[in-house]
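Asks: Okay, here's the structure, questions in a sec.
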Amino acid sequence: MAKKTNGVTAPLIVGVLSVGALLGAWELTGLTGGALASVLPPPSQFLRSIAESNFRIGLGSQAATVTQSLLATFLRVFVGMGIAFVAAILTGALLSLSRVATWSLSPILQLLAPIAPIAWIPTAIVVFGITDVTAIFIVFMGVYFILTLATLAEIRRLPPEFQTVAGNLGATPLQRWVWVTLPAILPGVFMLLRTNFIAAWMAVLVAEMVGLRDGLGAIIMMGRNLFNNELVMFGMVVIGLTGFVVDRLLQFIGQRILWWRV
């Protein structure tokens, strides 16, 4: 137990010290003034500026609080990732149970998978307008194809003995999928979902920059439009912190819910 505790504590201490050193160097750079401090205002400066505005970003009726922006971004990215995760699992089930579906859909998946989610933004705006649906769609497109291909790869890696034993016990193809294949592939697919969270996070931020009123991406765009580097740096720091927290949340979910994984 002591060794395990030390193994967790040591990286935590080193990580905190490294972040503290970075913040300290950043603050010292701000105290020296000059052009670099104006481009990269230190945390004490942009936090004070945001606090003076009562943590509201925007002008007039278009202003939104930082909390509203955080919740809006979280909603868009989690809804998009959730829909993509379920759709990828269902697509994998369809392709693994039907040869015709495999022959007809596999080429389409291979053609669409390399397209960057950002490339879908103009089409999404035309179809959905500048709404939450656009951001959710961009997140979906950034995750769905990767997860679908990963699902198929996980299915191919399953030992054939699993299916043979289940078949000998009288399980139908659907029952084998639900009770054998699905539990076996879920840990791997969920791990890839966590890995691709960064791609989904970047996709939703870019989508928010096209004109949405709230969201972390909208904060960055507002700072750019107002030539306000303090607002830009504040948005970047919040994006980094929240991305880190969400990644750890996904890790926690994977460890607690997918308890049977190795």
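Residue numbers start at 1 in each chain; chains themselves are named A, B, ... in the order of the structure tokens; ligands are numbered from 1 in the order shown.
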Determine, counting only C-alpha atoms, which protein, DNA and RNA residues have an atom within 10 Å of an atom of stretch 50-52 of chain A; residues of the same chain fewer than 3 positions away are not included. Present the result as a PyMOL selection string.
Replies: chain A and resi 45-47+55-57+66+230-231+234
Asks: For the residues in that selection, give me N, CA and C atoms as a PDB file, in the first residue's frame.
Replies:
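Listing of again_15.pdb after writing:
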ATOM      1  N   GLN A  45      -2.976  39.382 -14.011  1.00  0.00           N
ATOM      2  CA  GLN A  45      -3.495  40.517 -14.773  1.00  0.00           C
ATOM      3  C   GLN A  45      -4.825  40.193 -15.436  1.00  0.00           C
ATOM      4  N   PHE A  46      -4.892  39.044 -16.168  1.00  0.00           N
ATOM      5  CA  PHE A  46      -6.149  38.776 -16.871  1.00  0.00           C
ATOM      6  C   PHE A  46      -7.243  38.284 -15.920  1.00  0.00           C
ATOM      7  N   LEU A  47      -6.856  37.660 -14.802  1.00  0.00           N
ATOM      8  CA  LEU A  47      -7.878  37.274 -13.818  1.00  0.00           C
ATOM      9  C   LEU A  47      -8.497  38.503 -13.157  1.00  0.00           C
ATOM     10  N   PHE A  55     -17.072  38.489 -14.302  1.00  0.00           N
ATOM     11  CA  PHE A  55     -16.957  37.207 -14.994  1.00  0.00           C
ATOM     12  C   PHE A  55     -18.015  37.060 -16.100  1.00  0.00           C
ATOM     13  N   ARG A  56     -18.305  38.154 -16.774  1.00  0.00           N
ATOM     14  CA  ARG A  56     -19.210  38.135 -17.925  1.00  0.00           C
ATOM     15  C   ARG A  56     -18.405  38.473 -19.168  1.00  0.00           C
ATOM     16  N   ILE A  57     -18.643  37.693 -20.227  1.00  0.00           N
ATOM     17  CA  ILE A  57     -17.915  37.853 -21.473  1.00  0.00           C
ATOM     18  C   ILE A  57     -18.896  38.293 -22.552  1.00  0.00           C
ATOM     19  N   VAL A  66     -18.959  33.195 -17.475  1.00  0.00           N
ATOM     20  CA  VAL A  66     -17.989  32.123 -17.706  1.00  0.00           C
ATOM     21  C   VAL A  66     -18.630  30.766 -17.436  1.00  0.00           C
ATOM     22  N   GLU A 230      -5.859  39.857 -22.883  1.00  0.00           N
ATOM     23  CA  GLU A 230      -6.182  39.318 -21.565  1.00  0.00           C
ATOM     24  C   GLU A 230      -7.339  38.319 -21.668  1.00  0.00           C
ATOM     25  N   LEU A 231      -8.327  38.657 -22.474  1.00  0.00           N
ATOM     26  CA  LEU A 231      -9.467  37.756 -22.656  1.00  0.00           C
ATOM     27  C   LEU A 231      -9.046  36.492 -23.402  1.00  0.00           C
ATOM     28  N   PHE A 234      -7.126  34.321 -20.947  1.00  0.00           N
ATOM     29  CA  PHE A 234      -8.065  33.728 -19.991  1.00  0.00           C
ATOM     30  C   PHE A 234      -8.787  32.544 -20.624  1.00  0.00           C
TER      31      PHE A 234
END
Asks: With stretch 84-103 of chain A as the partner and 6 Å as the cut-off, tabulate the residues of stretch 141-195 of chain A that qualify, each row holding the nearest pair of atoms and their distance in Å to one decimal, using only C-alpha atoms, sorted by chain and rising number, as a Markdown table.
Replies:
| residue | atom | partner | partner_atom | distance |
| --- | --- | --- | --- | --- |
| A:Tyr144 | CA | A:Ala84 | CA | 4.6 |
| A:Leu147 | CA | A:Ala88 | CA | 5.7 |
| A:Thr148 | CA | A:Ala88 | CA | 4.4 |
| A:Thr151 | CA | A:Gly92 | CA | 5.8 |
| A:Leu152 | CA | A:Gly92 | CA | 5.7 |
Asks: Could the residues in this selection be written to a file with C-alpha atoms, as a CSV table (one decimal), in the first residue's frame?
Replies:
chain,number,residue,atom,x,y,z
A,144,TYR,CA,-17.7,8.8,-35.1
A,147,LEU,CA,-14.6,5.0,-33.1
A,148,THR,CA,-16.4,2.9,-35.8
A,151,THR,CA,-14.9,-1.0,-33.0
A,152,LEU,CA,-14.4,-3.1,-36.1
Asks: Could you please determine the separation between atom CA of A:Asn229 and atom CA of A:Glu27 in Å, to one decimal place?
Replies: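 About the pair atom CA of A:Asn229 and atom CA of A:Glu27: they are 15.3 Å apart.
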Asks: Taking only C-alpha atoms into account, which of A:Phe190, A:Ala218, A:Val39, A:Asp132 comes nearest A:Val77?
Replies: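 Comparing A:Phe190, A:Ala218, A:Val39, A:Asp132 against A:Val77, the winner is A:Asp132.
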Asks: Skipping near chain neighbours, those fewer than 3 positions away, what residues fall within 9 Å of A:Val143 using only C-alpha atoms, listed as a PDB file with C-alpha atoms, in the first residue's frame?
Replies:
ATOM      1  CA  GLY A  80     -21.650  14.878 -29.657  1.00  0.00           C
ATOM      2  CA  MET A  81     -19.298  12.283 -28.192  1.00  0.00           C
ATOM      3  CA  ALA A  84     -20.909   9.180 -31.791  1.00  0.00           C
ATOM      4  CA  PHE A  85     -20.074   6.451 -29.256  1.00  0.00           C
ATOM      5  CA  ALA A  88     -20.156   3.598 -33.598  1.00  0.00           C
ATOM      6  CA  PRO A 117     -14.205  17.683 -38.805  1.00  0.00           C
ATOM      7  CA  ILE A 138     -18.905  18.795 -35.795  1.00  0.00           C
ATOM      8  CA  VAL A 139     -17.977  16.876 -32.639  1.00  0.00           C
ATOM      9  CA  PHE A 140     -19.889  13.846 -33.926  1.00  0.00           C
ATOM     10  CA  ILE A 146     -12.533   6.820 -35.708  1.00  0.00           C
ATOM     11  CA  LEU A 147     -14.640   5.000 -33.116  1.00  0.00           C
ATOM     12  CA  THR A 148     -16.397   2.920 -35.780  1.00  0.00           C
ATOM     13  CA  LEU A 193     -12.978   7.668 -27.000  1.00  0.00           C
ATOM     14  CA  ASN A 196      -9.887  11.223 -29.093  1.00  0.00           C
ATOM     15  CA  PHE A 197     -11.451  13.591 -26.585  1.00  0.00           C
ATOM     16  CA  ALA A 199      -9.883  16.017 -31.139  1.00  0.00           C
ATOM     17  CA  ALA A 200     -13.526  16.447 -30.101  1.00  0.00           C
TER      18      ALA A 200
END
Asks: So which residues of stretch 91-198 of chain A fall under alpha helix (DSSP H) by DSSP, listed as a VMD selection string?
Replies: chain A and resid 91 to 97 99 to 112 121 to 128 132 to 157 160 to 168 173 to 176 182 to 195 197 to 198
Asks: Atom CA of A:Asp214 to atom CA of A:Leu71: how many Å, to one decimal?
Replies: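 Distance reported for this atom pair: 9.3 Å.
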Asks: Which residue, A:Thr73, A:Glu161, A:Arg156, A:Phe252, has the smallest gap to A:Met209 when you use only C-alpha atoms?
Replies: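 Under the stated criterion, the closest residue is A:Thr73.
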Asks: Report as a list in words all protein, DNA and RNA residues lying within 9 Å of A:Ile115, evaluated on only C-alpha atoms, omitting residues in the same chain fewer than 4 positions from it.
Replies: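 With the cut-off at 9 Å, the set is Leu111, Ala119, Trp120, Met141 and Gly142 of chain A.
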Asks: Per DSSP on the backbone, what are the strand (DSSP E) residues of stretch 15-240 of chain A, as a ChimeraX atom specification?
Replies: /A:56-57,64-65
Asks: Could you work out how far atom CA of A:Thr123 lies from atom CA of A:Ile136, giving the answer in Å with one decimal?
Replies: 13.3 Å
Asks: Would you please work out which residue, of A:Ile257, A:Met233, A:Ile118, A:Met202, is nearest to A:Ser44 when using only C-alpha atoms?
Replies: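 Comparing A:Ile257, A:Met233, A:Ile118, A:Met202 against A:Ser44, the winner is A:Met233.
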